[in-house]
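Below is one structure, written out as structure tokens; comments come after it.
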Amino acid sequence: MPMYDPPHPGEFVKYECLEPLGLTITRAAKGLGVSRQALSNLLNEKSGVSVDMALRLSKAFGSTPEAWLRLQMSYDLWQAQGQAAQIKVERFAASD
């Protein structure tokens, strides 16, 4: 069952990973091996969790890369479903 209006993964990282550990963006970015800008973009919902970032988050904060990617997919799908009525496609059916 899809989550209702799931949060952006960056919000989760900010409030569930960085804040409880007292990590600054600069310190967390260094520990993750990414630029401060890359992490800031994720936390400020300007970018999403890539496969590379999912691996890094998994190693740094636990869970699995798949779990981090599911957070991103759930968010993306929820956002896209809000635009579903505007997507026009031709319906294909198997012929007899």
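Just so we're on the same page: first chain in the structure tokens is A, next is B, and so on; residues restart at 1 for each chain, and ligands are numbered from 1 in the order they show up.
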
Fill in: Selection: 12 Å around A:Arg27, only C-alpha atoms, excl. self and same-chain fewer than 5 positions, as a list in words
Leu18, Glu19, Leu21, Gly22, Leu32, Gly33, Val34, Ser35, Arg36, Leu39 and Ser40 of chain A

Practice prompt. May I have the residues within 12 Å of A:Leu77 as a list of chain:residue names, using only C-alpha atoms and disregarding those fewer than 2 positions away in the same chain?
Written response: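 After dropping sequence-adjacent residues, the list is A:Pro2, A:Met3, A:Tyr4, A:Asp5, A:Pro6, A:Pro7, A:His8, A:Leu69, A:Arg70, A:Leu71, A:Gln72, A:Met73, A:Ser74, A:Tyr75, A:Gln79, A:Ala80, A:Gln81, A:Gly82, A:Gln83, A:Ala84.
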
Worksheet item: Contacts of A:Trp68 at 9 Å or less, counting only C-alpha atoms, minus same-chain residues fewer than 3 places along, as a PyMOL selection string?
Response: chain A and resi 9+49+51+53-55+57-58+63-65+71-73

Discussion item. If you run DSSP on the backbone here, which positions in chain A get alpha helix (DSSP H)? Please write them as a PyMOL selection string.
Written reply: chain A and resi 9-12+19-21+25-32+36-43+51-61+65-81

Fill in: One-decimal distance in Å that lies between atom CA of A:Asp52 and atom CA of A:Trp78
22.4 Å

Fill in: Distance of atom CA of A:Phe61 from atom CA of A:Cys17, expressed in Å to one decimal place
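Between these atoms lies a distance of 6.8 Å.
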
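Using only C-alpha atoms, the shortest contact distance between A:Ser50 and any of A:Arg91, A:Thr24, A:Gln37, A:Glu66 is found at A:Glu66.
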
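In this structure, atom CA of A:Glu45 sits 5.9 Å away from atom CA of A:Gly10.
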
Worksheet item: Nearest to A:Lys14: which of A:Ile87, A:Ala38, A:Leu43, A:Ala28 is it, counting only C-alpha atoms?
Response: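 Smallest separation from A:Lys14 among the options: A:Leu43.
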